[in-house]
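The structure appears below as structure tokens.
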Amino acid sequence: MPVVSASRLSRSFGVKVVLEDVTVAIDNGERVGLVGPNGSGKSTLARILAGVDHPDAGEVIVRRDAAVAYLEQEPRFPAGLSAREAVLAGLGPWSEARARYLEATRALERGGAGEDDLEQINAAVAAQAAAASEVERLGGWDREHEADALLDRLGIADPETPVETMSGGERRRVALARILARRPALAILDEPTNHLDVATIEWLEQYLVEQYPGALLLITHDRYVLDRVAGRTLELARARVHSYEGGYEAYLAAKAERDAIARRTEANRQNFLRRELEWLRRQPKARTGKQKARIQRIQRAAGDETGARAQAKANFALQAARSGKTVLELRELHLELPDRVLVDRLTLALGKRERVGVIGPNGCGKTTLLRALTGDRAPDGGVVVRGRNTRVAYLDQTREGLDDSKTVFDNVAASGNSIELGGRTLDLGRYLERFLFDPSGYAQKVGTLSGGERARVALAKLLIGRHNLVLLDEPTNDLDTDTLAAVEEMLLEFEGAAIVVTHDRWFLDRVATSILAFSGDGVVEHYQGNYSTYLALAPSPAARQSQASPREASPAARPESTPKARRLTYAEQRELDGLLDQIEAAEERVAALETALADPALYEDGGAQIRAHTDELAEARAEATRLTARWEELEAIREASEA
């Protein structure tokens, strides 16, 4: 039986239709993901299903005994509550029974000696017993400890902290803890992973799969969470909802097949129209009844709006500036705050086409590191060396470079009304189309945009000009999955270097060539490979959890003994088997380039060819070094497993 069912929902904002004849149902215990482009109406649908908003037409039916809870993107709390009180307030009848118990307890503590006082004491004792019985019936006294534990796992170390003094991200975590503690029949979670670090997202993912008893509707850009939690995926696009069985990967495969069928259908329709129009042109003016019927059929086909329409896709491109031998080098870099060390003696060299993913708990120093790389923050020790030709582009987490009082057009037009891109000149309107802004949105004030739209404006500003070092601080926040894919493609094609702070594991697996992991107490370790490789090479999951958390791990989380050396996976063994051949080929390429550079004839044609050969040699040497390092890593794992 469905927990909630919605029939023929419609909702418009002015002339923009976001929901049209939408029918959905979520069954008891079902896990459903909701995806769609930014601005497509996902949050609107979620608010309507939660009863927070109302449709223009249609109805929503919630099962009589079912509670529905909604995690808003900007939750609100009554003034004066601590984090613990805010979570417990969400428990409804349990909180009311607890309040009656505490009030009766205070009445007993006041006490008295008169006859009237004895009557009041007896009444308080009876009220206390009744309230205690109700608390036990509704889950017992452990609910308070459970609230503290959930807050702790979500990064709120002190449950007594007043909610009104917290940042927006911290308030969202308190709101999420309140829903998880309440355990409603349906939890609607709108971007629950925003402002969570990787370790906390992994914990939340496991908690939702293994412990949460109710139904879930997840709106999130975290594709691993969608893939591992959701058993069904809803796609909201062009005001309509399509349902796909399975998580994100299954959704992608089914959507690709659906789109292919739609393209074939549209191709057939176009062929029919072409044939029929040719027939029309050949006919005399006089029409028989059959001819008129045929003409009507052509008109209906020409006006058919059900044909496949290509969905607009973001199209991003980073223009690489010419790079010297050194893009970026860190030598014994030291960063600290008055109360703790953030980075202690970090040494790192970054070359072209390297993409470093930076991970670690909130507040560990990831943003401070990026600010040190841009020069906005002086190191407390060590040196940051930027190459002579290094041109840095920086996308900060809060998008501070945007002027909320100005329009989309004016924010991006600071560099002029035309853009040089790939050797072509584009007018600003055509350029903005690449970022999914149509002419009706150019005049919209940036302060009124959604988080995803603001991110696209910030990217549009960032990508003007040429750079060879790109620093991105949480670029994946608020972006839909299609736009995330466009950012990934942009970085994969970029000829320069990139350092990306993100908690998006799918993004890191697809883009990163290495991982920089903050482990606490200033320890920052560099791992070659993507996020999955980092998981294989890093300490055991229990050890990683204690490193990833700024709080002390509980005794149960600590390994009781040294973990057994792991064995190579099948894929890693295959990789190891082929690495020596790859290393040999890379070294032969280095030798050939060195021979070419030693040829006097090369120097007769001027500097351009020399620079090209020099850059190619540097890349070849870096590739040979990378392959050798990877072989040593895998060989060490193999030897340890056989020892």
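Lettering and numbering for the structure tokens are positional, with chains as A, B, ... in the shown order, residues counted from 1 in each chain, and ligands counted from 1 in the shown order.
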Where in segment 301-492 of chain A does DSSP assign alpha helix (DSSP H), given as a CSV table (one decimal) with C-alpha atoms, in the first residue's frame?
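Contents of states28.csv, freshly written:
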```
chain,number,residue,atom,x,y,z
A,301,ALA,CA,1.5,14.7,-37.6
A,302,ALA,CA,3.1,18.1,-38.2
A,366,LYS,CA,40.9,22.1,2.5
A,367,THR,CA,39.7,25.6,1.6
A,368,THR,CA,42.7,27.2,3.5
A,369,LEU,CA,45.0,25.1,1.3
A,370,LEU,CA,43.4,26.4,-1.9
A,371,ARG,CA,43.7,30.0,-0.6
A,372,ALA,CA,47.4,29.4,0.0
A,373,LEU,CA,47.8,28.2,-3.6
A,374,THR,CA,46.1,31.3,-5.0
A,408,VAL,CA,23.2,37.1,-15.1
A,409,PHE,CA,24.2,39.1,-18.2
A,410,ASP,CA,25.9,41.9,-16.3
A,411,ASN,CA,27.8,39.4,-14.0
A,412,VAL,CA,29.4,37.7,-17.0
A,428,LEU,CA,27.6,36.9,-24.8
A,429,GLY,CA,24.1,35.5,-25.4
A,430,ARG,CA,25.5,32.5,-27.4
A,431,TYR,CA,28.1,32.0,-24.7
A,432,LEU,CA,25.4,31.9,-21.9
A,433,GLU,CA,23.5,29.3,-23.9
A,451,GLY,CA,22.1,27.3,-6.0
A,452,GLY,CA,22.6,25.4,-9.2
A,453,GLU,CA,21.9,28.4,-11.4
A,454,ARG,CA,24.4,30.5,-9.3
A,455,ALA,CA,27.0,27.8,-9.8
A,456,ARG,CA,26.5,28.0,-13.6
A,457,VAL,CA,26.9,31.8,-13.6
A,458,ALA,CA,30.1,31.4,-11.5
A,459,LEU,CA,31.4,28.8,-14.0
A,460,ALA,CA,30.6,31.1,-16.9
A,461,LYS,CA,32.7,33.9,-15.4
A,462,LEU,CA,35.5,31.5,-14.5
A,481,THR,CA,23.7,15.2,-12.6
A,482,ASP,CA,23.8,16.3,-16.3
A,483,THR,CA,25.7,19.5,-15.4
A,484,LEU,CA,28.1,17.5,-13.2
A,485,ALA,CA,28.8,15.3,-16.2
A,486,ALA,CA,29.6,18.4,-18.3
A,487,VAL,CA,32.0,19.6,-15.6
A,488,GLU,CA,33.7,16.2,-15.6
A,489,GLU,CA,34.1,16.2,-19.4
A,490,MET,CA,35.5,19.7,-19.2
A,491,LEU,CA,38.2,18.6,-16.7
A,492,LEU,CA,39.0,15.4,-18.6
```
Distance query Ala149 of chain A at most 12 Å, only C-alpha atoms, self and fewer than 6 positions along chain excluded, as a ChimeraX atom specification: /A:83-84,87,142-143,155-159,174,177-178,180-181,554
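Using only C-alpha atoms, the shortest contact distance between Tyr534 of chain A and any of A:Ala215, A:Val68, A:Leu508, A:Ala86 is found at A:Leu508.
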Skip Ala239 of chain A itself and residues of its chain fewer than 3 positions away, then list as a PDB file with C-alpha atoms, in the first residue's frame all residues within 7 Å of it, counting only C-alpha atoms.
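After the write, part-v7.pdb holds the following:
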```
ATOM      1  CA  VAL A  17       5.041  25.093 -16.015  1.00  0.00           C
ATOM      2  CA  VAL A  18       7.108  22.849 -13.715  1.00  0.00           C
ATOM      3  CA  LEU A  19       4.592  20.010 -13.186  1.00  0.00           C
ATOM      4  CA  GLU A  20       2.016  18.870 -15.730  1.00  0.00           C
ATOM      5  CA  SER A  40      12.963  21.407 -13.329  1.00  0.00           C
ATOM      6  CA  LEU A 236      11.498  14.974 -13.754  1.00  0.00           C
TER       7      LEU A 236
END
```
Test item: residues at most 7 Å from segment 439-448 of chain A, only C-alpha atoms, excluding those fewer than 2 positions along its chain, as a PyMOL selection string: chain A and resi 403-409+437+450+454
Would you mind exporting the chosen residues as a PDB file, in the first residue's frame, restricted to N, CA and C atoms?
```
ATOM      1  N   ASP A 403      27.931  39.184  -8.071  1.00  0.00           N
ATOM      2  CA  ASP A 403      27.239  40.344  -7.514  1.00  0.00           C
ATOM      3  C   ASP A 403      25.741  40.054  -7.565  1.00  0.00           C
ATOM      4  N   ASP A 404      25.152  39.778  -6.405  1.00  0.00           N
ATOM      5  CA  ASP A 404      23.746  39.376  -6.352  1.00  0.00           C
ATOM      6  C   ASP A 404      22.799  40.467  -6.838  1.00  0.00           C
ATOM      7  N   SER A 405      23.235  41.724  -6.807  1.00  0.00           N
ATOM      8  CA  SER A 405      22.361  42.825  -7.222  1.00  0.00           C
ATOM      9  C   SER A 405      22.337  43.004  -8.729  1.00  0.00           C
ATOM     10  N   LYS A 406      23.246  42.330  -9.450  1.00  0.00           N
ATOM     11  CA  LYS A 406      23.315  42.450 -10.896  1.00  0.00           C
ATOM     12  C   LYS A 406      22.682  41.239 -11.573  1.00  0.00           C
ATOM     13  N   THR A 407      22.398  41.409 -12.859  1.00  0.00           N
ATOM     14  CA  THR A 407      21.768  40.339 -13.619  1.00  0.00           C
ATOM     15  C   THR A 407      22.795  39.287 -14.023  1.00  0.00           C
ATOM     16  N   VAL A 408      22.277  38.161 -14.529  1.00  0.00           N
ATOM     17  CA  VAL A 408      23.152  37.122 -15.067  1.00  0.00           C
ATOM     18  C   VAL A 408      24.044  37.713 -16.152  1.00  0.00           C
ATOM     19  N   PHE A 409      23.433  38.475 -17.060  1.00  0.00           N
ATOM     20  CA  PHE A 409      24.176  39.052 -18.185  1.00  0.00           C
ATOM     21  C   PHE A 409      25.280  39.974 -17.685  1.00  0.00           C
ATOM     22  N   PHE A 437      21.415  28.980 -20.004  1.00  0.00           N
ATOM     23  CA  PHE A 437      20.618  30.190 -19.769  1.00  0.00           C
ATOM     24  C   PHE A 437      19.993  30.607 -21.099  1.00  0.00           C
ATOM     25  N   SER A 450      18.599  29.937  -8.064  1.00  0.00           N
ATOM     26  CA  SER A 450      18.830  28.753  -7.239  1.00  0.00           C
ATOM     27  C   SER A 450      20.327  28.515  -7.099  1.00  0.00           C
ATOM     28  N   ARG A 454      23.243  29.674  -9.753  1.00  0.00           N
ATOM     29  CA  ARG A 454      24.375  30.517  -9.328  1.00  0.00           C
ATOM     30  C   ARG A 454      25.701  29.849  -9.679  1.00  0.00           C
TER      31      ARG A 454
END
```
Per DSSP on the backbone, what are the strand (DSSP E or B) residues of segment 61-121 of chain A, as a PyMOL selection string? chain A and resi 61-62+68-71+82
Any chance you can output those residues with all heavy atoms as a PDB file, in the first residue's frame?
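Here's the written file result.pdb:
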```pdb
ATOM      1  N   ILE A  61      -2.638  12.045  -1.622  1.00  0.00           N
ATOM      2  CA  ILE A  61      -3.266  11.253  -0.566  1.00  0.00           C
ATOM      3  C   ILE A  61      -2.162  10.594   0.262  1.00  0.00           C
ATOM      4  O   ILE A  61      -1.328   9.857  -0.284  1.00  0.00           O
ATOM      5  CB  ILE A  61      -4.204  10.184  -1.146  1.00  0.00           C
ATOM      6  CG1 ILE A  61      -5.318  10.849  -1.950  1.00  0.00           C
ATOM      7  CG2 ILE A  61      -4.779   9.308  -0.039  1.00  0.00           C
ATOM      8  CD1 ILE A  61      -6.205   9.863  -2.684  1.00  0.00           C
ATOM      9  N   VAL A  62      -2.161  10.874   1.567  1.00  0.00           N
ATOM     10  CA  VAL A  62      -1.202  10.270   2.488  1.00  0.00           C
ATOM     11  C   VAL A  62      -1.932   9.220   3.315  1.00  0.00           C
ATOM     12  O   VAL A  62      -3.040   9.475   3.816  1.00  0.00           O
ATOM     13  CB  VAL A  62      -0.578  11.334   3.417  1.00  0.00           C
ATOM     14  CG1 VAL A  62       0.405  10.686   4.391  1.00  0.00           C
ATOM     15  CG2 VAL A  62       0.130  12.403   2.594  1.00  0.00           C
ATOM     16  N   VAL A  68       4.962  11.944   7.364  1.00  0.00           N
ATOM     17  CA  VAL A  68       5.868  12.340   6.286  1.00  0.00           C
ATOM     18  C   VAL A  68       6.730  13.492   6.792  1.00  0.00           C
ATOM     19  O   VAL A  68       6.213  14.476   7.337  1.00  0.00           O
ATOM     20  CB  VAL A  68       5.095  12.776   5.025  1.00  0.00           C
ATOM     21  CG1 VAL A  68       6.059  13.240   3.936  1.00  0.00           C
ATOM     22  CG2 VAL A  68       4.223  11.634   4.513  1.00  0.00           C
ATOM     23  N   ALA A  69       8.036  13.371   6.647  1.00  0.00           N
ATOM     24  CA  ALA A  69       8.961  14.417   7.079  1.00  0.00           C
ATOM     25  C   ALA A  69       9.767  14.891   5.878  1.00  0.00           C
ATOM     26  O   ALA A  69      10.143  14.094   5.016  1.00  0.00           O
ATOM     27  CB  ALA A  69       9.898  13.900   8.163  1.00  0.00           C
ATOM     28  N   TYR A  70      10.042  16.193   5.841  1.00  0.00           N
ATOM     29  CA  TYR A  70      10.707  16.801   4.688  1.00  0.00           C
ATOM     30  C   TYR A  70      11.950  17.561   5.137  1.00  0.00           C
ATOM     31  O   TYR A  70      11.872  18.436   6.008  1.00  0.00           O
ATOM     32  CB  TYR A  70       9.731  17.746   3.987  1.00  0.00           C
ATOM     33  CG  TYR A  70      10.325  18.561   2.857  1.00  0.00           C
ATOM     34  CD1 TYR A  70      11.067  17.958   1.851  1.00  0.00           C
ATOM     35  CD2 TYR A  70      10.122  19.940   2.788  1.00  0.00           C
ATOM     36  CE1 TYR A  70      11.599  18.699   0.809  1.00  0.00           C
ATOM     37  CE2 TYR A  70      10.642  20.693   1.752  1.00  0.00           C
ATOM     38  CZ  TYR A  70      11.391  20.065   0.762  1.00  0.00           C
ATOM     39  OH  TYR A  70      11.922  20.802  -0.266  1.00  0.00           O
ATOM     40  N   LEU A  71      13.096  17.207   4.560  1.00  0.00           N
ATOM     41  CA  LEU A  71      14.344  17.943   4.804  1.00  0.00           C
ATOM     42  C   LEU A  71      14.445  19.058   3.779  1.00  0.00           C
ATOM     43  O   LEU A  71      14.722  18.824   2.601  1.00  0.00           O
ATOM     44  CB  LEU A  71      15.559  17.019   4.683  1.00  0.00           C
ATOM     45  CG  LEU A  71      16.927  17.710   4.829  1.00  0.00           C
ATOM     46  CD1 LEU A  71      17.115  18.255   6.241  1.00  0.00           C
ATOM     47  CD2 LEU A  71      18.057  16.764   4.451  1.00  0.00           C
ATOM     48  N   SER A  82      18.587  24.179  21.629  1.00  0.00           N
ATOM     49  CA  SER A  82      19.895  23.579  21.382  1.00  0.00           C
ATOM     50  C   SER A  82      19.742  22.536  20.278  1.00  0.00           C
ATOM     51  O   SER A  82      18.622  22.173  19.892  1.00  0.00           O
ATOM     52  CB  SER A  82      20.431  22.913  22.647  1.00  0.00           C
ATOM     53  OG  SER A  82      19.646  21.770  22.974  1.00  0.00           O
TER      54      SER A  82
END
```
Env of segment 353-358 of chain A: 9 Å cut, atoms = only C-alpha atoms, seq-sep filter 3 positions within chain, self excluded. Answer as a PyMOL selection string. chain A and resi 350+366+491-503+508+511-518+530-531
Output file for the residues above (N, CA and C atoms, as a short mmCIF file (atom, residue, chain, number, x, y, z; two decimals), in the first residue's frame):
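Contents of again07.cif, freshly written:
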```cif
data_model
loop_
_atom_site.label_atom_id
_atom_site.label_comp_id
_atom_site.auth_asym_id
_atom_site.auth_seq_id
_atom_site.Cartn_x
_atom_site.Cartn_y
_atom_site.Cartn_z
N LEU A 350 53.05 19.42 -9.33
CA LEU A 350 51.89 19.22 -10.19
C LEU A 350 52.25 19.58 -11.62
N LYS A 366 40.89 22.26 3.91
CA LYS A 366 40.92 22.11 2.46
C LYS A 366 40.83 23.47 1.76
N LEU A 491 36.94 18.89 -17.41
CA LEU A 491 38.22 18.63 -16.74
C LEU A 491 39.01 17.53 -17.43
N LEU A 492 38.32 16.50 -17.93
CA LEU A 492 39.01 15.41 -18.61
C LEU A 492 39.68 15.89 -19.89
N GLU A 493 39.11 16.90 -20.53
CA GLU A 493 39.67 17.42 -21.79
C GLU A 493 40.67 18.54 -21.56
N PHE A 494 40.77 19.06 -20.34
CA PHE A 494 41.63 20.21 -20.05
C PHE A 494 43.10 19.83 -20.15
N GLU A 495 43.88 20.66 -20.84
CA GLU A 495 45.30 20.39 -21.02
C GLU A 495 46.14 20.85 -19.83
N GLY A 496 45.56 21.64 -18.96
CA GLY A 496 46.29 22.12 -17.79
C GLY A 496 46.13 21.20 -16.60
N ALA A 497 46.38 21.74 -15.39
CA ALA A 497 46.28 20.97 -14.15
C ALA A 497 45.08 21.48 -13.34
N ALA A 498 44.54 20.61 -12.50
CA ALA A 498 43.37 20.97 -11.70
C ALA A 498 43.49 20.38 -10.30
N ILE A 499 43.03 21.16 -9.32
CA ILE A 499 42.90 20.68 -7.93
C ILE A 499 41.46 20.93 -7.53
N VAL A 500 40.76 19.86 -7.14
CA VAL A 500 39.32 19.93 -6.90
C VAL A 500 39.00 19.43 -5.49
N VAL A 501 38.39 20.29 -4.67
CA VAL A 501 37.88 19.89 -3.37
C VAL A 501 36.42 19.46 -3.56
N THR A 502 36.12 18.22 -3.25
CA THR A 502 34.75 17.74 -3.42
C THR A 502 34.51 16.51 -2.56
N HIS A 503 33.24 16.31 -2.19
CA HIS A 503 32.85 15.09 -1.48
C HIS A 503 32.16 14.11 -2.43
N LEU A 508 35.06 12.06 -8.26
CA LEU A 508 36.47 11.75 -8.02
C LEU A 508 36.90 10.50 -8.76
N VAL A 511 37.25 11.61 -12.53
CA VAL A 511 38.12 12.71 -12.93
C VAL A 511 39.52 12.62 -12.35
N ALA A 512 39.64 12.26 -11.06
CA ALA A 512 40.92 12.41 -10.35
C ALA A 512 41.98 11.45 -10.86
N THR A 513 43.20 11.99 -11.01
CA THR A 513 44.36 11.14 -11.27
C THR A 513 45.12 10.85 -9.98
N SER A 514 44.81 11.61 -8.92
CA SER A 514 45.39 11.33 -7.61
C SER A 514 44.50 11.96 -6.55
N ILE A 515 44.68 11.53 -5.30
CA ILE A 515 43.87 11.99 -4.17
C ILE A 515 44.80 12.57 -3.11
N LEU A 516 44.43 13.74 -2.61
CA LEU A 516 45.12 14.37 -1.48
C LEU A 516 44.17 14.26 -0.28
N ALA A 517 44.53 13.41 0.68
CA ALA A 517 43.62 13.09 1.79
C ALA A 517 44.11 13.73 3.08
N PHE A 518 43.25 14.58 3.68
CA PHE A 518 43.51 15.16 5.00
C PHE A 518 43.13 14.13 6.05
N ASN A 530 42.39 7.20 -8.61
CA ASN A 530 41.13 7.86 -8.28
C ASN A 530 40.67 7.47 -6.87
N TYR A 531 39.40 7.79 -6.56
CA TYR A 531 38.92 7.56 -5.19
C TYR A 531 38.86 6.08 -4.84
#
```
